[in-house]
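S.K.: Got run10.cif for you, mmCIF, C-alpha atoms:
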```
data_model
loop_
_atom_site.label_atom_id
_atom_site.label_comp_id
_atom_site.auth_asym_id
_atom_site.auth_seq_id
_atom_site.Cartn_x
_atom_site.Cartn_y
_atom_site.Cartn_z
CA MET A 137 -11.34 15.24 30.83
CA ALA A 138 -9.86 14.24 27.50
CA VAL A 139 -8.74 16.82 24.96
CA LEU A 140 -8.70 17.07 21.18
CA SER A 141 -5.28 17.86 19.79
CA ALA A 142 -6.03 20.70 17.41
CA ALA A 143 -6.07 24.47 17.67
CA LEU A 144 -7.97 26.62 15.19
CA ALA A 145 -7.66 30.08 13.73
CA PRO A 146 -11.01 31.40 12.46
CA ASN A 147 -12.22 32.65 9.10
CA ALA A 148 -10.47 30.42 6.58
CA ALA A 149 -12.42 30.14 3.36
CA ALA A 150 -13.25 26.64 2.15
CA ASP A 151 -11.72 27.34 -1.24
CA ASP A 152 -8.34 27.92 0.47
CA VAL A 153 -8.27 24.42 1.89
CA ARG A 154 -6.03 22.91 -0.76
CA SER A 155 -3.42 25.63 -0.27
CA GLN A 156 -3.22 24.53 3.37
CA GLN A 157 -2.37 20.97 2.37
CA TRP A 158 1.27 21.84 1.80
CA TYR A 159 2.36 18.44 3.05
CA LEU A 160 0.82 16.64 0.05
CA THR A 161 3.33 18.39 -2.19
CA ALA A 162 6.13 18.20 0.33
CA MET A 163 5.66 14.47 0.83
CA LYS A 164 5.24 13.95 -2.92
CA ALA A 165 1.82 12.42 -2.56
CA ASP A 166 1.25 12.32 -6.33
CA GLU A 167 4.24 10.02 -6.70
CA MET A 168 3.13 7.81 -3.83
CA TRP A 169 -0.37 7.49 -5.25
CA LYS A 170 1.08 5.86 -8.37
CA VAL A 171 2.14 3.01 -6.10
CA SER A 172 -0.51 3.07 -3.36
CA THR A 173 -3.58 5.05 -2.36
CA GLY A 174 -4.36 2.99 0.73
CA GLU A 175 -6.88 0.83 -1.10
CA GLY A 176 -8.01 -2.20 0.87
CA VAL A 177 -7.06 -0.73 4.25
CA LYS A 178 -9.66 0.29 6.82
CA VAL A 179 -8.81 2.85 9.48
CA ALA A 180 -10.82 3.04 12.70
CA VAL A 181 -11.09 6.72 13.66
CA VAL A 182 -11.84 6.96 17.38
CA ASP A 183 -12.87 10.55 17.91
CA SER A 184 -15.87 12.88 18.16
CA GLY A 185 -17.72 11.01 15.42
CA VAL A 186 -17.45 11.36 11.65
CA ASN A 187 -19.86 13.22 9.41
CA ALA A 188 -20.13 10.83 6.48
CA GLY A 189 -21.98 13.41 4.40
CA THR A 190 -19.21 15.90 3.64
CA SER A 191 -18.29 16.12 -0.02
CA SER A 192 -14.86 14.67 0.66
CA LEU A 193 -16.12 11.68 2.66
CA LYS A 194 -19.05 10.51 0.56
CA GLY A 195 -18.51 6.82 -0.05
CA GLN A 196 -15.49 6.72 2.26
CA VAL A 197 -17.12 5.96 5.61
CA LEU A 198 -18.16 2.41 6.44
CA VAL A 199 -20.89 3.08 8.97
CA ASP A 200 -22.37 -0.41 8.66
CA GLU A 201 -19.11 -1.93 9.85
CA VAL A 202 -19.27 -0.31 13.27
CA PRO A 203 -20.25 -2.95 15.87
CA LYS A 204 -23.79 -2.24 17.05
CA ALA A 205 -22.81 -2.07 20.72
CA VAL A 206 -20.66 1.04 20.08
CA SER A 207 -22.53 2.59 17.16
CA TYR A 208 -24.35 5.35 19.05
CA HIS A 209 -24.37 8.52 16.90
CA VAL A 210 -21.09 7.65 15.20
CA THR A 211 -21.93 9.94 12.28
CA GLN A 212 -22.95 12.86 14.49
CA ASP A 213 -19.71 14.75 14.99
CA PHE A 214 -20.33 17.22 17.81
CA VAL A 215 -17.28 19.44 17.19
CA GLY A 216 -16.06 18.64 13.66
CA HIS A 217 -12.79 17.19 14.86
CA GLY A 218 -13.33 13.54 13.97
CA THR A 219 -14.57 14.48 10.51
CA THR A 220 -11.39 16.46 9.90
CA MET A 221 -9.24 13.51 10.95
CA ALA A 222 -11.18 11.19 8.64
CA GLU A 223 -10.74 13.60 5.72
CA LEU A 224 -7.01 13.97 6.40
CA ILE A 225 -6.71 10.20 6.20
CA ALA A 226 -9.07 9.21 3.38
CA GLY A 227 -10.83 12.28 2.00
CA THR A 228 -11.32 12.32 -1.77
CA GLY A 229 -11.03 16.09 -2.06
CA ALA A 230 -14.37 16.28 -3.86
CA GLY A 231 -16.28 19.56 -3.67
CA GLY A 232 -13.27 21.52 -2.46
CA GLY A 233 -12.85 19.35 0.63
CA LEU A 234 -9.68 18.03 2.18
CA LYS A 235 -7.76 15.49 0.15
CA GLY A 236 -6.59 12.61 2.32
CA LEU A 237 -3.06 11.27 2.15
CA ALA A 238 -4.57 7.80 1.64
CA PRO A 239 -7.68 8.52 -0.49
CA GLY A 240 -8.12 4.86 -1.34
CA ALA A 241 -8.49 3.83 2.30
CA LYS A 242 -11.83 3.60 4.10
CA ILE A 243 -12.89 5.01 7.46
CA VAL A 244 -14.73 3.14 10.18
CA PRO A 245 -16.10 5.83 12.53
CA TYR A 246 -16.26 5.64 16.32
CA ARG A 247 -17.54 8.23 18.77
CA ILE A 248 -16.33 8.71 22.33
CA ALA A 249 -17.02 11.40 24.93
CA LEU A 250 -14.41 13.97 24.06
CA ASP A 251 -14.18 17.54 25.30
CA GLY A 252 -17.03 19.47 23.67
CA LEU A 253 -19.75 16.89 24.28
CA LYS A 254 -21.97 18.79 26.72
CA ASP A 255 -25.33 17.05 26.66
CA PRO A 256 -25.58 14.69 29.67
CA VAL A 257 -27.79 12.26 27.77
CA GLU A 258 -25.28 12.12 24.94
CA LYS A 259 -22.47 11.53 27.41
CA ARG A 260 -24.37 8.72 29.09
CA ASN A 261 -25.16 6.95 25.82
CA THR A 262 -21.72 7.37 24.29
CA PRO A 263 -19.57 4.25 24.79
CA SER A 264 -16.36 4.31 26.80
CA THR A 265 -12.96 4.52 25.18
CA ALA A 266 -12.06 1.03 26.37
CA LYS A 267 -15.25 -0.46 24.92
CA VAL A 268 -14.70 1.27 21.58
CA ILE A 269 -11.08 0.12 21.29
CA ARG A 270 -12.04 -3.46 22.06
CA ALA A 271 -14.85 -3.32 19.52
CA ALA A 272 -12.54 -1.91 16.84
CA ALA A 273 -10.01 -4.60 17.64
CA ASP A 274 -12.58 -7.27 16.77
CA THR A 275 -13.11 -5.86 13.27
CA ASP A 276 -10.90 -6.07 10.19
CA ALA A 277 -9.76 -2.46 10.48
CA LYS A 278 -5.97 -2.63 10.49
CA ILE A 279 -5.25 0.79 12.00
CA ILE A 280 -6.74 2.57 15.01
CA SER A 281 -6.22 6.34 14.90
CA MET A 282 -6.73 8.27 18.15
CA SER A 283 -6.28 12.06 17.97
CA PHE A 284 -7.08 12.78 21.60
CA GLY A 285 -5.64 12.50 25.08
CA THR A 286 -6.66 12.34 28.70
CA PRO A 287 -4.70 13.16 31.86
CA TYR A 288 -5.72 9.93 33.56
CA PHE A 289 -4.33 6.43 33.40
CA ASP A 290 -7.18 3.97 32.94
CA PRO A 291 -6.46 0.27 33.44
CA ASP A 292 -9.50 -0.64 31.34
CA VAL A 293 -8.18 1.35 28.40
CA GLU A 294 -4.70 -0.10 28.86
CA ALA A 295 -6.19 -3.59 28.80
CA ALA A 296 -8.16 -2.70 25.65
CA ILE A 297 -4.96 -1.42 24.01
CA LYS A 298 -3.20 -4.68 24.81
CA TYR A 299 -6.16 -6.61 23.44
CA ALA A 300 -6.05 -4.62 20.20
CA ARG A 301 -2.33 -5.28 20.00
CA SER A 302 -2.99 -9.02 20.35
CA LYS A 303 -5.35 -8.70 17.38
CA GLY A 304 -2.60 -7.26 15.21
CA LYS A 305 -3.77 -3.65 15.15
CA LEU A 306 -1.44 -0.70 14.61
CA MET A 307 -2.38 2.18 16.92
CA PHE A 308 -1.44 5.86 16.72
CA ALA A 309 -2.25 8.67 19.16
CA SER A 310 -1.40 12.35 19.50
CA VAL A 311 1.14 13.34 22.15
CA GLY A 312 -0.62 16.58 23.15
CA ASN A 313 -0.43 20.34 22.68
CA GLU A 314 0.56 21.69 26.09
CA ALA A 315 4.35 22.00 25.71
CA GLU A 316 4.35 25.79 26.12
CA LYS A 317 2.27 25.64 29.31
CA LYS A 318 3.20 22.55 31.29
CA ASN A 319 4.41 19.89 28.84
CA SER A 320 2.40 17.23 30.58
CA ILE A 321 1.79 13.98 28.79
CA GLY A 322 -1.47 12.20 28.10
CA TYR A 323 -2.95 8.83 27.37
CA PRO A 324 -3.48 6.88 25.15
CA ALA A 325 -0.17 7.97 23.56
CA ALA A 326 1.70 6.94 26.71
CA TYR A 327 0.33 3.40 26.83
CA PRO A 328 2.56 0.58 25.60
CA PHE A 329 1.90 -0.42 21.97
CA VAL A 330 0.52 3.02 21.03
CA VAL A 331 2.70 5.08 18.69
CA GLY A 332 2.93 8.64 20.03
CA VAL A 333 2.96 11.27 17.27
CA ALA A 334 4.37 14.80 17.50
CA ALA A 335 3.61 17.71 15.13
CA ALA A 336 6.15 19.32 12.81
CA ASP A 337 6.05 22.26 10.40
CA LYS A 338 7.11 22.72 6.76
CA THR A 339 10.79 22.84 7.70
CA GLY A 340 10.65 19.72 9.83
CA LYS A 341 10.77 21.56 13.15
CA VAL A 342 8.60 20.38 15.99
CA GLY A 343 5.82 22.81 16.89
CA LYS A 344 6.29 24.82 20.07
CA PHE A 345 3.00 23.42 21.37
CA SER A 346 3.85 19.77 20.62
CA GLU A 347 4.56 17.97 23.86
CA HIS A 348 7.95 16.37 24.19
CA GLY A 349 9.20 13.55 26.30
CA ASN A 350 10.25 9.95 26.20
CA TYR A 351 6.93 8.75 24.78
CA VAL A 352 7.24 10.46 21.37
CA ASP A 353 7.80 7.91 18.60
CA LEU A 354 7.28 9.68 15.26
CA ALA A 355 6.49 13.14 13.91
CA ALA A 356 4.29 14.30 11.04
CA PRO A 357 2.88 17.54 9.56
CA GLY A 358 0.73 19.32 12.14
CA LEU A 359 1.07 23.05 11.55
CA GLY A 360 -0.80 25.11 8.99
CA VAL A 361 -3.20 22.26 8.26
CA ALA A 362 -6.84 22.97 7.38
CA THR A 363 -9.55 21.62 9.68
CA TRP A 364 -13.31 22.03 9.90
CA CYS A 365 -14.00 25.14 11.98
CA ASP A 366 -16.92 23.57 13.87
CA ALA A 367 -19.79 21.12 13.65
CA THR A 368 -21.73 23.26 11.16
CA PHE A 369 -19.31 22.06 8.45
CA LYS A 370 -19.61 25.34 6.57
CA SER A 371 -15.93 26.29 6.36
CA TYR A 372 -12.41 25.21 7.15
CA CYS A 373 -10.01 26.96 9.50
CA PRO A 374 -6.21 26.89 9.53
CA GLY A 375 -5.19 24.77 12.46
CA GLU A 376 -2.27 23.20 14.25
CA GLY A 377 -2.02 20.26 16.55
CA THR A 378 -0.76 16.76 17.15
CA SER A 379 -4.23 15.55 16.13
CA MET A 380 -3.53 16.29 12.49
CA ALA A 381 -0.07 14.75 12.73
CA THR A 382 -1.63 11.57 14.08
CA ALA A 383 -4.16 11.35 11.24
CA ILE A 384 -1.45 11.90 8.62
CA THR A 385 0.71 9.23 10.24
CA SER A 386 -2.23 6.82 10.22
CA ALA A 387 -2.71 7.58 6.52
CA SER A 388 0.99 6.93 5.90
CA ALA A 389 0.65 3.52 7.49
CA ALA A 390 -2.40 2.83 5.31
CA LEU A 391 -0.38 3.59 2.18
CA VAL A 392 2.36 1.19 3.23
CA TRP A 393 0.00 -1.57 4.35
CA SER A 394 -1.97 -1.35 1.12
CA ALA A 395 1.23 -1.81 -0.89
CA HIS A 396 2.33 -4.69 1.35
CA PRO A 397 -0.85 -6.43 2.57
CA GLU A 398 1.14 -9.46 3.71
CA TRP A 399 3.06 -7.41 6.30
CA THR A 400 2.22 -7.37 9.98
CA ALA A 401 1.69 -4.25 12.10
CA ASN A 402 5.26 -4.67 13.36
CA GLN A 403 6.61 -4.61 9.82
CA VAL A 404 4.56 -1.60 8.73
CA LEU A 405 5.66 0.37 11.78
CA GLY A 406 9.23 -0.87 11.49
CA SER A 407 9.45 0.31 7.89
CA LEU A 408 8.15 3.77 8.88
CA ILE A 409 10.69 3.98 11.69
CA ASP A 410 13.58 2.78 9.52
CA THR A 411 12.84 5.34 6.80
CA ALA A 412 11.94 8.26 9.08
CA GLY A 413 13.91 11.46 8.51
CA ARG A 414 16.40 12.14 11.31
CA ASP A 415 19.95 13.35 11.90
CA TRP A 416 20.51 11.43 15.13
CA PRO A 417 21.23 7.73 15.72
CA LYS A 418 18.25 5.47 15.38
CA ASN A 419 19.12 3.81 18.69
CA ASN A 420 18.86 7.15 20.54
CA PRO A 421 15.49 8.64 19.53
CA SER A 422 14.63 12.27 20.14
CA ASN A 423 12.24 13.33 22.88
CA TYR A 424 10.86 15.92 20.44
CA LEU A 425 10.54 13.98 17.18
CA GLY A 426 10.99 10.38 18.26
CA TYR A 427 12.53 8.30 15.49
CA GLY A 428 11.98 11.16 13.06
CA LEU A 429 9.63 12.52 10.42
CA ILE A 430 7.46 10.02 8.58
CA ARG A 431 8.50 9.35 4.98
CA PRO A 432 6.17 6.70 3.54
CA ARG A 433 7.47 7.47 0.06
CA LYS A 434 10.81 5.97 1.09
CA VAL A 435 9.05 2.71 1.84
CA LEU A 436 6.92 2.67 -1.29
CA GLU A 437 9.71 3.48 -3.71
CA ASN A 438 11.95 0.67 -2.44
CA THR A 439 10.50 -2.48 -3.95
CA GLY A 440 13.07 -4.65 -2.19
CA ILE A 441 12.73 -3.11 1.26
CA ASP A 442 13.20 -5.48 4.19
CA PRO A 443 10.50 -4.78 6.81
CA GLY A 444 12.14 -6.97 9.41
CA PRO A 445 10.73 -10.00 11.23
CA ALA A 446 6.95 -10.22 11.37
CA LYS A 447 6.85 -10.85 15.11
CA THR A 448 9.53 -8.40 16.24
CA ASP A 449 8.16 -5.27 17.90
CA PRO A 450 10.12 -2.23 16.60
CA LEU A 451 9.32 -0.45 19.87
CA SER A 452 10.18 -3.42 22.07
CA TYR A 453 12.43 -1.47 24.42
CA GLU A 454 9.87 1.25 25.00
CA ASN A 455 6.97 -1.13 25.30
CA GLU A 456 8.72 -3.43 27.76
CA THR A 457 10.09 -0.68 30.01
CA GLY A 458 6.75 -0.05 31.68
CA VAL A 459 5.48 2.94 33.64
CA THR A 460 7.46 5.33 35.84
CA ASP A 461 6.48 8.28 37.98
CA ALA A 462 9.14 10.58 36.57
CA SER A 463 7.95 13.23 34.15
CA PRO A 464 10.59 14.30 31.60
CA SER A 465 11.60 17.94 31.80
CA ALA A 466 12.60 20.07 28.84
CA THR A 467 16.21 19.97 30.05
CA ALA A 468 16.21 16.22 30.42
CA SER A 469 14.59 15.85 27.02
CA THR A 470 17.28 17.95 25.37
CA ALA A 471 20.05 16.06 27.12
CA SER A 472 18.73 12.66 26.12
CA HIS A 473 19.39 12.97 22.40
CA PRO A 474 22.17 14.40 20.21
CA PRO A 475 22.26 18.18 19.69
CA LYS A 476 20.06 19.54 16.94
CA THR A 477 19.46 22.91 15.34
CA ASN A 478 17.15 24.82 17.69
CA THR A 479 14.86 27.76 16.97
CA GLY A 480 13.12 28.84 20.13
CA ASN A 481 11.37 25.76 21.43
CA ARG A 482 11.59 23.89 18.15
CA THR A 483 13.97 21.07 17.33
CA SER A 484 14.88 20.43 13.73
CA ALA A 485 15.34 17.06 12.11
CA ALA A 486 17.15 18.63 9.16
CA GLY A 487 20.50 17.07 8.35
CA SER A 488 23.45 18.51 6.47
CA SER A 489 22.27 16.80 3.28
CA ALA A 490 19.07 18.85 3.02
CA GLU A 491 18.37 20.18 -0.45
CA SER A 492 16.82 23.52 -1.24
CA SER A 493 13.25 23.44 -2.50
CA GLY A 494 11.46 26.55 -1.32
CA GLY A 495 9.63 26.51 1.99
CA ASP A 496 9.09 22.75 1.92
CA THR A 497 12.81 21.90 1.94
CA LEU A 498 12.94 19.29 4.62
CA TRP A 499 9.70 17.52 3.83
CA VAL A 500 10.53 17.27 0.12
CA VAL A 501 13.91 15.80 0.98
CA LEU A 502 12.83 13.60 3.85
CA ALA A 503 9.49 12.54 2.53
CA GLY A 504 10.85 11.34 -1.23
CA VAL A 505 -10.89 7.82 32.70
CA ALA A 506 -12.69 10.39 33.10
CA ALA A 507 -16.01 10.41 31.28
CA VAL A 508 -14.75 12.98 28.83
CA LEU A 509 -11.49 12.89 26.86
CA VAL A 510 -9.47 15.89 25.77
CA ILE A 511 -8.20 16.45 22.25
CA ALA A 512 -5.02 15.76 23.23
CA GLY A 513 -3.24 16.98 26.31
CA GLY A 514 -3.47 17.19 30.06
CA ALA A 515 -1.42 16.20 33.06
CA PHE A 516 -1.21 12.79 34.61
CA ALA A 517 0.57 11.29 37.55
CA VAL A 518 2.36 8.40 35.88
CA LEU A 519 3.77 7.87 32.41
CA ARG A 520 5.60 5.25 30.46
CA SER A 521 9.37 5.52 30.33
CA ARG A 522 10.21 5.63 26.65
CA ARG A 523 13.94 6.39 26.46
CA ARG A 524 17.21 5.20 27.89
CA ALA A 525 18.73 7.68 30.32
#
```
As structure tokens, what does this structure read like?

M.R.:
Amino acid sequence: MAVLSAALAPNAAADDVRSQQWYLTAMKADEMWKVSTGEGVKVAVVDSGVNAGTSSLKGQVLVDEVPKAVSYHVTQDFVGHGTTMAELIAGTGAGGGLKGLAPGAKIVPYRIALDGLKDPVEKRNTPSTAKVIRAAADTDAKIISMSFGTPYFDPDVEAAIKYARSKGKLMFASVGNEAEKKNSIGYPAAYPFVVGVAAADKTGKVGKFSEHGNYVDLAAPGLGVATWCDATFKSYCPGEGTSMATAITSASAALVWSAHPEWTANQVLGSLIDTAGRDWPKNNPSNYLGYGLIRPRKVLENTGIDPGPAKTDPLSYENETGVTDASPSATASTASHPPKTNTGNRTSAAGSSAESSGGDTLWVVLAGVAAVLVIAGGAFAVLRSRRRA
């Protein structure tokens, strides 16, 4: 069963939604939007479907661009999760809705059988994850955003991922929310060529729930983020999860790709890795925050930035290492990267150069197959080795 990577707290009023978008201020979105809003970039959101009728998504969802073979009920979001992810990426903020980090981007919606889809007829008619990824790969969507996970390795999905990679797509997936229970790792984040995203809070610390291990590549805001409470779309709830972090990372990539349309997926990802906020060596990434906290502003503000070679994979070591049967423990994870400031089960990316700016200190400084999938956790038997010992 595959899991969605978001947890909700009930009873948040819709008019409080903007106050829960602390990361827009922390990442200096207003400054970034002067350079790029994500215009011209399409993001394939593979999730529970996307309600194209919310106030924030009107005009933002390209339903007609979904290949017919995988178009079953793509705008019927059965839990509200996919709609939230779409709004976090490209929402306009109209009508008190979520404002996306890349409001100029467009969403191409896809629906798969995630946890929460109960109707057997719906399950039967909903296309498989592998089929959806292949279909998205054959479109002109540049980014594939996957805020879910499953405990099972699926060779068909792995083959679809490799196919999408061959088509030049940049893929992001949530690493999962089970760190406090079993810290197991899920797919698709653990497949080669998928960027695994962890969740961090206002201070840049990884959430206690955010799974850690050698498959984490980047981290993004994922705590205290508003989400739709359910599929009635009547109100938002405060939530936390690697789902939201994945959507915000996808939006960050859209901002960069819009500003540099001539770049390849390798160059977009390489620029995000090079500018990520971290206080450890780039060649020894953290098992908690990967290469660090995303800072797309650092890419956009540097007009002479070198993105690296177009054909060089910035995750070449990780992607060529393959799969092992050794699951990383918390102890091994801690030992595999330089010491950091710890608070409970959280690891901070804050360096000694952090400036003081209220509660958003770090982000202001750093940011200048089973039939059903789970949103995004679960245990599996094998995982990709993603770090040197």

S.K.: Taking 3 positions as the minimum chain separation for residues in the same chain, which residues sit within 12 Å of Asn261 (chain A) when counting only C-alpha atoms? Answer as a VMD selection string.

M.R.: chain A and resid 205 to 210 247 to 249 253 255 to 258 264 507

S.K.: Rounded to one decimal in Å, what is the spacing between CA of Lys298 (chain A) and CA of Gly216 (chain A)?

M.R.: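 Here the two named atoms are 28.9 Å from each other.
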
S.K.: Could you name the residues that touch Tyr323 (chain A) at 7 Å or less, counting all atoms listed in the file, but leaving out those on the same chain fewer than 6 positions away, as a PyMOL selection string?

M.R.: chain A and resi 285-289

S.K.: Hey, can you spit out that residue selection with C-alpha atoms as a CSV table (one decimal), in the frame of the given file?

M.R.:
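For reference, part06.csv as written:
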```csv
chain,number,residue,atom,x,y,z
A,285,GLY,CA,-5.6,12.5,25.1
A,286,THR,CA,-6.7,12.3,28.7
A,287,PRO,CA,-4.7,13.2,31.9
A,288,TYR,CA,-5.7,9.9,33.6
A,289,PHE,CA,-4.3,6.4,33.4
```

S.K.: Kindly provide, as a PyMOL selection string, the polymer residues lying within 8 Å of (6.4, 3.0, 8.9), counting all atoms listed in the file and using the coordinates exactly as they appear in the file.

M.R.: chain A and resi 388-389+392+403-412+430-432+435

S.K.: Once you add 4 Å to each side, what are the centre and edge lengths of the axis-aligned box holding all listed atoms of region 335-347 of chain A? One decimal in Å, as AutoDock Vina command-line options, if you can.

M.R.:
```
--center_x 6.9 --center_y 21.3 --center_z 15.3 --size_x 15.8 --size_y 15.1 --size_z 25.1
```

S.K.: Evaluated on this file, the PyMOL selection byres ((chain A and resi 297) around 8) picks out some residues - which ones are they, written as a list in words?

M.R.: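 This file, filtered by the PyMOL selection byres ((chain A and resi 297) around 8), leaves Ala266, Ile269, Arg270, Val293, Glu294, Ala295, Ala296, Lys298, Tyr299, Ala300, Arg301, Tyr327, Pro328, Phe329 and Val330 of chain A.
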